[in-house]
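Structure below is model29.txt: compact mmCIF, C-alpha atoms and all ligand atoms.
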# COMPACT_ATOMS: atom_id res chain seq x y z
CA MET A 273 36.71 13.00 17.02
CA PRO A 274 34.16 10.18 16.84
CA ILE A 275 35.08 7.36 19.14
CA THR A 276 34.99 4.69 16.40
CA GLU A 277 36.95 4.96 13.16
CA ARG A 278 34.70 3.56 10.44
CA LEU A 279 36.87 1.39 8.23
CA TYR A 280 33.97 0.50 5.91
CA TYR A 281 33.91 4.13 4.69
CA SER A 282 37.22 3.72 2.91
CA ASP A 283 37.11 -0.02 2.12
CA SER A 284 33.77 -1.75 1.64
CA HIS A 285 35.56 -5.06 0.98
CA LEU A 286 37.54 -5.16 4.24
CA VAL A 287 36.26 -8.11 6.27
CA GLU A 288 39.07 -8.76 8.77
CA PHE A 289 40.57 -6.17 11.10
CA GLU A 290 42.16 -5.68 14.52
CA ALA A 291 40.82 -3.18 17.03
CA ARG A 292 40.95 -2.19 20.69
CA VAL A 293 37.90 -2.48 22.92
CA VAL A 294 37.11 0.98 24.35
CA ASP A 295 33.81 0.22 26.07
CA VAL A 296 31.76 -2.79 27.15
CA THR A 297 28.25 -2.41 28.55
CA ASP A 298 25.77 -5.09 29.58
CA ARG A 299 22.42 -4.39 27.96
CA VAL A 300 19.88 -7.08 28.73
CA SER A 301 20.80 -10.46 30.16
CA GLY A 302 23.17 -12.32 27.87
CA TRP A 303 23.59 -9.36 25.48
CA THR A 304 26.52 -6.98 25.60
CA ALA A 305 27.35 -3.87 23.57
CA VAL A 306 31.01 -3.58 22.61
CA VAL A 307 32.52 -0.32 21.28
CA LEU A 308 35.83 -0.51 19.36
CA ASP A 309 38.33 2.19 18.38
CA ARG A 310 37.88 1.09 14.75
CA THR A 311 35.47 -1.19 12.95
CA ALA A 312 34.69 -2.70 9.57
CA PHE A 313 31.15 -3.57 10.75
CA TYR A 314 28.43 -1.51 9.07
CA PRO A 315 25.66 -0.53 11.53
CA THR A 316 21.96 -0.49 10.50
CA GLY A 317 21.16 2.72 8.62
CA GLY A 318 20.18 4.32 5.34
CA GLY A 319 17.87 1.43 4.45
CA GLN A 320 20.76 -1.04 4.72
CA PRO A 321 20.72 -3.69 7.47
CA SER A 322 23.61 -4.21 9.86
CA ASP A 323 26.56 -6.51 9.26
CA THR A 324 27.03 -9.62 11.38
CA GLY A 325 30.20 -11.58 12.17
CA THR A 326 32.57 -12.25 15.07
CA LEU A 327 34.83 -10.43 17.54
CA ASN A 328 37.40 -13.08 18.48
CA SER A 329 35.08 -16.01 19.23
CA SER A 330 32.06 -13.88 20.20
CA ARG A 331 29.14 -13.67 17.78
CA VAL A 332 28.17 -10.14 16.61
CA VAL A 333 24.43 -10.32 15.92
CA GLU A 334 23.80 -6.65 15.13
CA CYS A 335 25.54 -3.29 14.97
CA ILE A 336 23.91 -0.01 15.95
CA ASP A 337 25.07 3.48 15.01
CA ASP A 338 25.29 5.48 18.25
CA GLY A 339 26.55 8.66 16.51
CA ASP A 340 29.56 10.21 18.27
CA ASN A 341 29.45 7.41 20.85
CA GLY A 342 30.58 5.04 18.14
CA VAL A 343 29.28 1.81 16.69
CA LEU A 344 27.70 -0.60 19.19
CA HIS A 345 28.55 -4.24 18.39
CA VAL A 346 25.81 -6.30 20.02
CA VAL A 347 27.50 -9.50 21.16
CA GLN A 348 25.77 -12.68 22.19
CA GLY A 349 27.44 -14.69 24.97
CA ALA A 350 30.90 -13.93 26.44
CA ALA A 351 32.18 -10.48 25.40
CA PRO A 352 35.82 -9.34 25.15
CA ALA A 353 37.20 -7.24 28.02
CA ARG A 354 37.77 -3.48 27.92
CA ASP A 355 41.22 -2.55 26.45
CA ALA A 356 41.61 -5.98 24.90
CA THR A 357 42.77 -6.25 21.30
CA VAL A 358 40.24 -8.18 19.25
CA ARG A 359 40.14 -9.62 15.77
CA GLY A 360 36.93 -8.72 13.96
CA ARG A 361 35.54 -10.72 11.07
CA VAL A 362 32.55 -9.52 9.02
CA ASP A 363 30.26 -12.15 7.38
CA TRP A 364 31.25 -11.59 3.76
CA SER A 365 28.28 -13.25 2.03
CA ARG A 366 25.89 -10.98 3.94
CA ARG A 367 28.05 -7.89 3.23
CA LEU A 368 28.29 -8.77 -0.48
CA ASP A 369 24.52 -9.17 -0.61
CA HIS A 370 24.06 -5.72 0.95
CA ILE A 371 26.67 -4.21 -1.42
CA GLN A 372 24.77 -5.63 -4.39
CA GLN A 373 21.34 -4.45 -3.21
CA HIS A 374 22.57 -1.02 -2.14
CA THR A 375 24.68 -0.29 -5.21
CA GLY A 376 21.92 -1.75 -7.37
CA GLN A 377 19.54 0.75 -5.79
CA HIS A 378 21.81 3.71 -6.70
CA ILE A 379 21.89 2.50 -10.31
CA LEU A 380 18.15 1.78 -10.63
CA SER A 381 17.22 5.07 -8.92
CA GLN A 382 19.45 7.07 -11.28
CA ALA A 383 18.07 5.15 -14.30
CA LEU A 384 14.56 6.27 -13.24
CA VAL A 385 15.77 9.88 -12.93
CA LYS A 386 17.56 9.85 -16.29
CA LEU A 387 14.67 8.28 -18.21
CA PHE A 388 11.60 9.65 -16.43
CA ASN A 389 12.82 12.40 -14.09
CA ALA A 390 11.43 10.26 -11.25
CA PRO A 391 13.36 10.63 -7.96
CA THR A 392 13.54 7.90 -5.31
CA LYS A 393 12.15 8.95 -1.91
CA SER A 394 12.94 5.91 0.22
CA PHE A 395 14.74 2.58 0.11
CA ARG A 396 14.53 -0.62 2.16
CA VAL A 397 16.49 -3.86 2.05
CA MET A 398 14.11 -6.63 3.14
CA ASP A 399 14.72 -10.33 3.76
CA ALA A 400 14.47 -11.55 0.18
CA SER A 401 14.00 -8.37 -1.89
CA CYS A 402 14.28 -4.57 -1.75
CA GLU A 403 11.82 -1.71 -2.15
CA ILE A 404 12.10 1.84 -3.44
CA ASP A 405 9.35 4.45 -3.36
CA VAL A 406 9.63 6.55 -6.51
CA GLU A 407 7.85 9.70 -7.69
CA LEU A 408 6.85 7.99 -10.91
CA ASN A 409 3.38 8.67 -12.31
CA ASN A 410 1.56 6.25 -14.59
CA PRO A 411 3.97 3.32 -14.29
CA THR A 412 3.59 0.55 -16.83
CA THR A 413 5.51 -2.66 -17.37
CA GLU A 414 7.17 -1.04 -20.38
CA VAL A 415 8.27 2.03 -18.39
CA ILE A 416 9.66 -0.04 -15.51
CA GLU A 417 11.45 -2.44 -17.87
CA ARG A 418 13.13 0.44 -19.71
CA ALA A 419 14.66 1.56 -16.40
CA VAL A 420 15.68 -2.04 -15.61
CA GLU A 421 17.33 -2.29 -19.04
CA LEU A 422 19.33 0.90 -18.57
CA ALA A 423 20.37 -0.17 -15.05
CA ASN A 424 21.63 -3.54 -16.29
CA ASN A 425 23.56 -1.93 -19.14
CA VAL A 426 25.33 0.29 -16.59
CA ILE A 427 26.12 -2.85 -14.55
CA TRP A 428 27.52 -4.73 -17.54
CA GLU A 429 29.61 -1.74 -18.66
CA ASP A 430 31.48 -2.42 -15.39
CA ARG A 431 31.92 1.27 -14.56
CA SER A 432 34.17 2.28 -11.66
CA ILE A 433 32.66 3.50 -8.39
CA ALA A 434 34.54 6.09 -6.34
CA VAL A 435 34.05 7.58 -2.88
CA LEU A 436 34.60 11.38 -2.72
CA ASN A 437 34.74 13.40 0.50
CA VAL A 438 33.78 17.03 -0.18
CA THR A 439 32.91 20.19 1.74
CA PRO A 440 29.30 21.44 1.68
CA GLU A 441 30.51 24.34 -0.59
CA GLN A 442 32.00 21.89 -3.07
CA ALA A 443 28.87 19.72 -2.88
CA ALA A 444 26.68 22.75 -3.70
CA GLU A 445 28.48 23.05 -7.09
CA LEU A 446 27.98 19.38 -7.99
CA PRO A 447 25.03 17.79 -9.82
CA LEU A 448 23.93 15.52 -6.94
CA ARG A 449 20.99 13.16 -7.47
CA LYS A 450 19.62 14.04 -4.02
CA GLU A 451 20.27 16.47 -1.19
CA SER A 452 21.91 15.26 1.99
CA ALA A 453 20.44 16.00 5.40
CA ARG A 454 23.92 15.81 6.98
CA GLU A 455 25.98 18.81 7.97
CA GLY A 456 29.71 19.22 7.45
CA GLU A 457 31.84 17.12 5.13
CA LEU A 458 29.87 14.98 2.71
CA ARG A 459 30.62 11.48 1.47
CA LEU A 460 29.65 11.12 -2.17
CA ILE A 461 29.37 7.94 -4.21
CA GLU A 462 30.26 8.45 -7.85
CA ILE A 463 29.37 5.89 -10.48
CA GLU A 464 31.60 6.83 -13.41
CA GLY A 465 29.74 9.06 -15.85
CA PHE A 466 26.32 8.06 -14.48
CA ASP A 467 25.47 8.96 -10.89
CA LEU A 468 26.69 11.15 -8.04
CA THR A 469 24.90 10.98 -4.71
CA PRO A 470 25.65 11.41 -1.00
CA CYS A 471 25.58 8.12 0.92
CA GLY A 472 27.13 6.47 3.95
CA GLY A 473 26.58 2.84 2.96
CA THR A 474 28.82 0.12 1.58
CA HIS A 475 29.08 -0.04 -2.22
CA ALA A 476 30.67 -2.10 -4.98
CA VAL A 477 34.07 -1.09 -6.38
CA ARG A 478 32.82 -1.52 -9.93
CA THR A 479 29.23 -1.79 -11.18
CA GLY A 480 29.85 -5.30 -12.55
CA GLU A 481 29.90 -6.63 -9.00
CA VAL A 482 26.15 -5.97 -8.74
CA GLY A 483 25.61 -8.75 -11.30
CA MET A 484 22.13 -7.85 -12.44
CA ILE A 485 18.89 -6.15 -11.39
CA ALA A 486 15.37 -7.48 -11.85
CA VAL A 487 12.04 -5.94 -10.81
CA ARG A 488 9.71 -8.44 -9.16
CA SER A 489 6.63 -6.23 -8.92
CA TRP A 490 5.39 -2.67 -8.55
CA LEU A 491 2.28 -0.95 -7.26
CA ARG A 492 0.93 2.53 -6.60
CA ALA A 493 1.19 3.50 -2.91
CA LYS A 494 0.74 6.87 -1.19
CA GLY A 495 0.86 8.79 -4.47
CA MET A 496 4.14 7.10 -5.43
CA THR A 497 5.23 3.96 -7.22
CA ARG A 498 6.64 1.25 -4.95
CA ILE A 499 9.05 -0.93 -6.88
CA GLU A 500 10.19 -4.28 -5.50
CA PHE A 501 13.53 -5.33 -6.97
CA VAL A 502 16.33 -7.83 -6.46
CA ALA A 503 20.03 -7.49 -7.35
CA GLY A 504 23.02 -9.84 -7.55
CA THR A 505 22.67 -13.22 -5.83
CA ARG A 506 19.09 -12.33 -4.89
CA ALA A 507 18.23 -12.01 -8.58
CA LEU A 508 19.57 -15.53 -9.21
CA ALA A 509 17.70 -16.92 -6.17
CA ASP A 510 14.52 -15.24 -7.36
CA TYR A 511 14.98 -16.56 -10.91
CA ARG A 512 15.36 -20.11 -9.55
CA LYS A 513 12.20 -19.73 -7.50
CA ALA A 514 10.19 -18.21 -10.37
CA ASN A 515 11.44 -20.88 -12.77
CA LYS A 516 10.52 -23.67 -10.35
CA THR A 517 7.02 -22.23 -9.91
CA ALA A 518 6.52 -21.81 -13.66
CA ARG A 519 7.76 -25.34 -14.40
CA GLU A 520 5.56 -26.89 -11.73
CA ILE A 521 2.53 -25.17 -13.24
CA ALA A 522 3.57 -26.26 -16.73
CA THR A 523 3.81 -29.88 -15.51
CA LEU A 524 0.16 -29.69 -14.38
CA PHE A 525 -0.76 -28.81 -17.96
CA SER A 526 1.71 -31.34 -19.44
CA THR A 527 3.37 -28.60 -21.44
CA GLY A 528 6.57 -26.56 -21.63
CA ARG A 529 7.17 -23.69 -19.20
CA ASP A 530 6.55 -20.89 -21.69
CA ASP A 531 3.30 -22.38 -23.05
CA ALA A 532 1.71 -22.73 -19.60
CA PRO A 533 0.00 -19.28 -19.36
CA GLN A 534 -1.89 -19.80 -22.63
CA LEU A 535 -2.96 -23.31 -21.64
CA ALA A 536 -3.99 -22.14 -18.17
CA ALA A 537 -6.14 -19.37 -19.67
CA GLN A 538 -7.70 -21.89 -22.06
CA MET A 539 -8.48 -24.27 -19.21
CA VAL A 540 -10.10 -21.52 -17.10
CA GLU A 541 -12.34 -20.71 -20.09
CA GLU A 542 -13.23 -24.39 -20.56
CA ASN A 543 -13.97 -24.69 -16.86
CA LYS A 544 -16.44 -21.79 -17.01
CA GLU A 545 -18.13 -23.37 -20.02
CA LEU A 546 -18.37 -26.73 -18.18
CA HIS A 547 -19.99 -25.04 -15.19
CA ARG A 548 -22.57 -23.45 -17.46
CA ARG A 549 -23.23 -26.85 -19.05
CA ILE A 550 -23.51 -28.58 -15.66
CA ARG A 551 -26.10 -26.05 -14.49
CA VAL A 552 -28.26 -26.81 -17.54
CA LEU A 553 -27.86 -30.58 -17.06
CA GLU A 554 -28.66 -30.34 -13.34
CA GLU A 555 -31.89 -28.54 -14.14
CA ASP A 556 -32.83 -31.22 -16.68
CA ALA A 557 -31.93 -33.94 -14.19
CA ALA A 558 -33.94 -32.25 -11.42
CA GLY A 559 -36.97 -32.23 -13.75
CA VAL A 560 -36.67 -35.97 -14.44
CA GLU A 561 -36.01 -36.78 -10.79
CA ALA A 562 -38.98 -34.61 -9.71
CA GLU A 563 -41.30 -36.60 -11.98
CA ARG A 564 -40.13 -39.88 -10.46
CA LEU A 565 -40.53 -38.53 -6.90
CA LEU A 566 -43.98 -37.03 -7.60
CA ALA A 567 -45.16 -40.55 -8.40
CA THR A 568 -44.35 -41.47 -4.74
CA ALA A 569 -46.14 -38.45 -3.23
CA GLN A 570 -48.70 -39.09 -0.52
CA ASN A 571 -51.42 -36.43 -0.36
CA GLY A 572 -49.09 -34.16 -2.32
CA VAL A 573 -46.19 -34.60 0.19
CA VAL A 574 -42.87 -35.80 -1.21
CA THR A 575 -40.23 -36.94 1.29
CA GLN A 576 -36.75 -38.13 0.38
CA VAL A 577 -33.34 -38.51 2.06
CA PHE A 578 -30.20 -38.47 -0.11
CA ASN A 579 -26.51 -39.03 0.52
CA GLY A 580 -23.91 -36.37 -0.22
CA ARG A 581 -26.00 -33.66 -1.90
CA ASP A 582 -25.33 -29.99 -1.28
CA ALA A 583 -28.00 -27.43 -0.40
CA GLU A 584 -28.00 -25.96 -3.93
CA SER A 585 -28.79 -29.34 -5.47
CA LEU A 586 -31.60 -29.95 -2.93
CA LYS A 587 -33.06 -26.52 -3.66
CA LYS A 588 -33.01 -27.12 -7.40
CA LEU A 589 -34.90 -30.39 -6.93
CA ALA A 590 -37.38 -28.74 -4.52
CA HIS A 591 -38.13 -26.04 -7.10
CA ALA A 592 -38.73 -28.66 -9.78
CA LEU A 593 -41.14 -30.51 -7.43
CA ILE A 594 -43.23 -27.52 -6.35
CA ALA A 595 -43.77 -26.51 -9.96
CA THR A 596 -46.57 -29.10 -9.73
CA PRO A 597 -49.52 -27.47 -7.89
CA GLY A 598 -50.44 -28.76 -4.42
CA THR A 599 -46.97 -30.21 -3.73
CA ILE A 600 -44.93 -30.10 -0.52
CA ALA A 601 -41.28 -31.22 -0.80
CA LEU A 602 -39.44 -32.30 2.37
CA LEU A 603 -35.89 -33.14 1.28
CA GLY A 604 -32.77 -34.03 3.25
CA SER A 605 -29.22 -35.07 2.60
CA ARG A 606 -26.43 -36.34 4.82
CA ASP A 607 -22.65 -36.46 4.80
CA LYS A 608 -20.45 -38.06 7.43
CA ASP A 609 -21.06 -35.31 9.99
CA THR A 610 -23.65 -32.93 8.48
CA ALA A 611 -27.36 -33.23 7.75
CA ARG A 612 -29.06 -30.71 5.42
CA LEU A 613 -32.71 -29.97 4.91
CA VAL A 614 -34.75 -28.10 2.31
CA PHE A 615 -38.54 -27.77 2.75
CA ALA A 616 -40.64 -26.13 0.03
CA ARG A 617 -44.28 -25.93 -1.03
CA SER A 618 -46.25 -24.83 -4.08
CA ILE A 619 -47.95 -21.44 -3.74
CA ASP A 620 -51.35 -23.16 -3.45
CA ALA A 621 -50.22 -25.81 -0.92
CA PRO A 622 -50.80 -25.32 2.83
CA GLY A 623 -48.28 -25.22 5.70
CA ASP A 624 -45.51 -23.03 7.10
CA MET A 625 -42.15 -24.45 5.97
CA SER A 626 -40.26 -22.07 8.23
CA SER A 627 -41.81 -23.35 11.46
CA LEU A 628 -41.53 -26.97 10.23
CA MET A 629 -37.84 -26.31 9.54
CA ARG A 630 -37.17 -24.92 13.02
CA GLU A 631 -38.70 -28.03 14.63
CA ALA A 632 -36.76 -30.37 12.35
CA CYS A 633 -33.48 -28.56 12.97
CA ALA A 634 -34.01 -28.77 16.74
CA MET A 635 -34.09 -32.59 16.29
CA LEU A 636 -30.82 -32.40 14.31
CA ASP A 637 -29.17 -30.23 16.96
CA GLY A 638 -28.77 -27.48 14.38
CA ARG A 639 -30.37 -24.34 12.99
CA GLY A 640 -32.55 -23.30 10.11
CA GLY A 641 -35.36 -21.09 8.89
CA GLY A 642 -36.75 -19.23 5.93
CA LYS A 643 -40.13 -18.22 4.52
CA PRO A 644 -43.53 -19.96 4.71
CA GLU A 645 -43.02 -21.38 1.19
CA LEU A 646 -39.26 -22.18 1.33
CA ALA A 647 -36.89 -22.90 4.22
CA GLN A 648 -33.53 -24.54 4.70
CA GLY A 649 -31.29 -25.65 7.53
CA GLY A 650 -29.24 -28.46 8.95
CA GLY A 651 -27.44 -29.92 11.95
CA LYS A 652 -24.86 -32.31 13.31
CA ASN A 653 -27.20 -35.08 14.43
CA VAL A 654 -27.04 -37.03 11.15
CA ASP A 655 -28.73 -40.16 12.60
CA LYS A 656 -31.94 -38.21 13.24
CA LEU A 657 -32.34 -36.96 9.65
CA SER A 658 -35.00 -39.53 8.59
CA ASP A 659 -36.92 -39.03 11.86
CA ALA A 660 -36.87 -35.25 11.39
CA ILE A 661 -38.36 -35.56 7.89
CA THR A 662 -40.99 -38.07 9.02
CA HIS A 663 -41.90 -35.74 11.88
CA ALA A 664 -42.26 -32.83 9.43
CA ALA A 665 -44.43 -34.97 7.09
CA ASN A 666 -46.72 -35.92 10.02
CA SER A 667 -46.99 -32.27 11.12
CA VAL A 668 -47.93 -31.26 7.58
CA SER A 669 -50.68 -33.93 7.46
CA THR A 670 -52.01 -32.66 10.80
CA GLN A 671 -51.89 -29.03 9.58
CA ASN A 672 -53.75 -30.10 6.46
CA GLU A 673 -56.59 -31.79 8.37
ZN ZN B 701 24.57 4.10 -1.02

As structure tokens, what does this structure read like?
Amino acid sequence: MPITERLYYSDSHLVEFEARVVDVTDRVSGWTAVVLDRTAFYPTGGGQPSDTGTLNSSRVVECIDDGDNGVLHVVQGAAPARDATVRGRVDWSRRLDHIQQHTGQHILSQALVKLFNAPTKSFRVMDASCEIDVELNNPTTEVIERAVELANNVIWEDRSIAVLNVTPEQAAELPLRKESAREGELRLIEIEGFDLTPCGGTHAVRTGEVGMIAVRSWLRAKGMTRIEFVAGTRALADYRKANKTAREIATLFSTGRDDAPQLAAQMVEENKELHRRIRVLEEDAAGVEAERLLATAQNGVVTQVFNGRDAESLKKLAHALIATPGTIALLGSRDKDTARLVFARSIDAPGDMSSLMREACAMLDGRGGGKPELAQGGGKNVDKLSDAITHAANSVSTQNE
């Protein structure tokens, strides 16, 4: 006889019970494992997390299935004494959540078998959603939603759910959805006229208790389809979250929730078009600006320091300048804490921009380099930017002499 009678097997809705303490062991400091002669606490297993609750005034933070040694109730703080009679209380909202996810999984898994002959290979209840790995090839939104539709119809038909205890011989004659790895007597969960499968978890009494099922997402993983779903109160929580997100996005576009995707797509398109337009305008502007700067050139050398220009913009201007033969462009720009430099020369102009750049960057306490005809760099020493360009201009004059 197992040491702990498992009351949750026969009544998944039992949350209060009395039991005798048969064993108390200190585990690590402040944590004690209590074994009872009977328990309504479900221990972690079968993809379903443990129940939590209280034993008298002690907090049960987790329950572990120790096989024939019973269910270990991990208690935080003072534990009840051996042989004491304790009153156990299971946290109902957590149990109900697990009942909804777990029963919801039975229903969704059988819907996938009935419609697509796609068996479920594993199941996990996570913090906010659940996952099943299904042998379903070529999943599409339409395929997944057909299974979701069937599952919800089964929920709303409010079918009864029964627990059957059968011998392995009896089980062999029954159309079970999956094989059980257990030996001896089998516990079967029967959803009236829909599903029959071996399982040791806690389930709803009628399918209606599951409320509803929604699929959040799916993806292909390890040759299977991983489906993320939510059932019951999780489905409502997820709807609230999704609705809030959708409405916040819609507000950005000053439109209603359901019109937001179309407007967002339109705006992305417009944004691309604007970028194209800006590139053209920048090139035009660089041409005009280059003409103005060329008028200030001394011996073909143009120097200029700007505020707040990025490297791309400097490069564009440099290219426009060196289109005029015999031109050397020494350009810089500064922000609050960064100085940038672009040096460039026409093919027929003298000088090594790369070595000029390295010297200039050393003055800026930064780094840079490039090719003899084009180099870029920058540094932190913003105050030295003008000096660095003047120094480069002087070096170029010396090189030219
Ligand atoms: Zn189950």

| request: Within 6 Å of ligand ZN 701 (chain B), which residues show up when you count all atoms listed in the file? List them as number ranges by chain, please. | output: A: 374, 471, 473

| request: Name the closest residue to Gly640 in chain A among the candidates A:Asn666, A:Asn389, A:Thr575, A:Ser626; distances are taken between atoms, counting all atoms listed in the file. | output: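 Of all the options, A:Ser626 lies closest to Gly640 in chain A.
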
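Proximity ranking of A:Gln372, A:Ala592, A:Ala351, A:Arg549 relative to Val296 in chain A places A:Ala351 first, based on all atoms listed in the file.
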
| message | From the options A:Pro470, A:Pro321, A:Gly349, A:Gly651, which residue's atoms come nearest to Thr304 in chain A, counting only C-alpha atoms? | response |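 Nearest candidate to Thr304 in chain A out of A:Pro470, A:Pro321, A:Gly349, A:Gly651: A:Gly349.
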
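Nearest to Arg354 in chain A of all the residues A:Arg292, A:Arg639, A:His370, A:Lys386 is A:Arg292, based on all atoms listed in the file.
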
| task | Taking the point (-28.8, -32.2, -12.7) as given in the file, collect each protein or nucleic acid residue that comes within 12 Å of it, counting all atoms listed in the file, and present the set as number ranges by chain. | result | A: 547-562, 581, 584-589, 592

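Distances to Ser394 in chain A were evaluated for A:Arg454, A:Arg498, A:Lys513, A:Arg359 using only C-alpha atoms, and the minimum falls at A:Arg498.
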
I'd like the neighbourhood of range 416-420 of chain A as an mmCIF file with C-alpha atoms, in the coordinates of the input, where a residue qualifies if any of its atoms comes within 10 Å (using only C-alpha atoms), though same-chain residues fewer than 6 positions away should be ignored.
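Contents of around-v2.cif, freshly written:
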data_model
loop_
_atom_site.group_PDB
_atom_site.id
_atom_site.type_symbol
_atom_site.label_atom_id
_atom_site.label_comp_id
_atom_site.auth_asym_id
_atom_site.auth_seq_id
_atom_site.Cartn_x
_atom_site.Cartn_y
_atom_site.Cartn_z
ATOM 1 C CA ILE A 379 21.890 2.500 -10.310
ATOM 2 C CA LEU A 380 18.150 1.780 -10.630
ATOM 3 C CA SER A 381 17.220 5.070 -8.920
ATOM 4 C CA GLN A 382 19.450 7.070 -11.280
ATOM 5 C CA ALA A 383 18.070 5.150 -14.300
ATOM 6 C CA LEU A 384 14.560 6.270 -13.240
ATOM 7 C CA VAL A 385 15.770 9.880 -12.930
ATOM 8 C CA LYS A 386 17.560 9.850 -16.290
ATOM 9 C CA LEU A 387 14.670 8.280 -18.210
ATOM 10 C CA PHE A 388 11.600 9.650 -16.430
ATOM 11 C CA LEU A 408 6.850 7.990 -10.910
ATOM 12 C CA VAL A 426 25.330 0.290 -16.590
ATOM 13 C CA MET A 484 22.130 -7.850 -12.440
ATOM 14 C CA ILE A 485 18.890 -6.150 -11.390
ATOM 15 C CA ALA A 486 15.370 -7.480 -11.850
ATOM 16 C CA VAL A 487 12.040 -5.940 -10.810
ATOM 17 C CA SER A 489 6.630 -6.230 -8.920
ATOM 18 C CA TRP A 490 5.390 -2.670 -8.550
ATOM 19 C CA ILE A 499 9.050 -0.930 -6.880
ATOM 20 C CA PHE A 501 13.530 -5.330 -6.970
#

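CA of Asn328 in chain A lies 12.2 Å from CA of Gln348 in chain A.
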
| request: Enumerate, as a count of residues only, the protein, DNA and RNA residues whose atoms approach (28.5, -1.3, 0.7) to within 10 Å, taking into account all atoms listed in the file and the coordinate frame of the file. | output: 23

Since fewer atoms than expected are present, regenerate N, CA and C atoms for range 306-321 of chain A and write them as a CSV table (one decimal), in the frame of the given file.
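Writing the result to selection.csv gives the following:
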chain,number,residue,atom,x,y,z
A,306,VAL,N,29.6,-3.8,22.6
A,306,VAL,CA,31.0,-3.6,22.6
A,306,VAL,C,31.3,-2.4,21.7
A,307,VAL,N,32.1,-1.4,22.1
A,307,VAL,CA,32.5,-0.3,21.3
A,307,VAL,C,34.0,-0.5,21.0
A,308,LEU,N,34.4,-0.3,19.8
A,308,LEU,CA,35.8,-0.5,19.4
A,308,LEU,C,36.4,0.8,18.9
A,309,ASP,N,37.7,0.9,18.9
A,309,ASP,CA,38.3,2.2,18.4
A,309,ASP,C,38.2,2.3,16.9
A,310,ARG,N,38.1,1.1,16.2
A,310,ARG,CA,37.9,1.1,14.8
A,310,ARG,C,37.1,-0.1,14.4
A,311,THR,N,36.3,0.0,13.3
A,311,THR,CA,35.5,-1.2,13.0
A,311,THR,C,35.2,-1.3,11.5
A,312,ALA,N,35.1,-2.5,11.0
A,312,ALA,CA,34.7,-2.7,9.6
A,312,ALA,C,33.2,-3.1,9.5
A,313,PHE,N,32.6,-3.2,10.7
A,313,PHE,CA,31.2,-3.6,10.8
A,313,PHE,C,30.3,-2.4,10.4
A,314,TYR,N,29.4,-2.6,9.4
A,314,TYR,CA,28.4,-1.5,9.1
A,314,TYR,C,27.2,-1.6,10.0
A,315,PRO,N,26.9,-0.5,10.7
A,315,PRO,CA,25.7,-0.5,11.5
A,315,PRO,C,24.4,-0.2,10.7
A,316,THR,N,23.2,-0.7,11.2
A,316,THR,CA,22.0,-0.5,10.5
A,316,THR,C,21.8,1.0,10.2
A,317,GLY,N,21.4,1.3,9.0
A,317,GLY,CA,21.2,2.7,8.6
A,317,GLY,C,21.0,2.9,7.1
A,318,GLY,N,20.3,4.0,6.8
A,318,GLY,CA,20.2,4.3,5.3
A,318,GLY,C,19.5,3.2,4.5
A,319,GLY,N,18.6,2.5,5.2
A,319,GLY,CA,17.9,1.4,4.4
A,319,GLY,C,18.7,0.1,4.3
A,320,GLN,N,19.9,0.2,4.8
A,320,GLN,CA,20.8,-1.0,4.7
A,320,GLN,C,20.9,-1.7,6.1
A,321,PRO,N,20.6,-3.0,6.2
A,321,PRO,CA,20.7,-3.7,7.5
A,321,PRO,C,22.2,-3.8,7.9
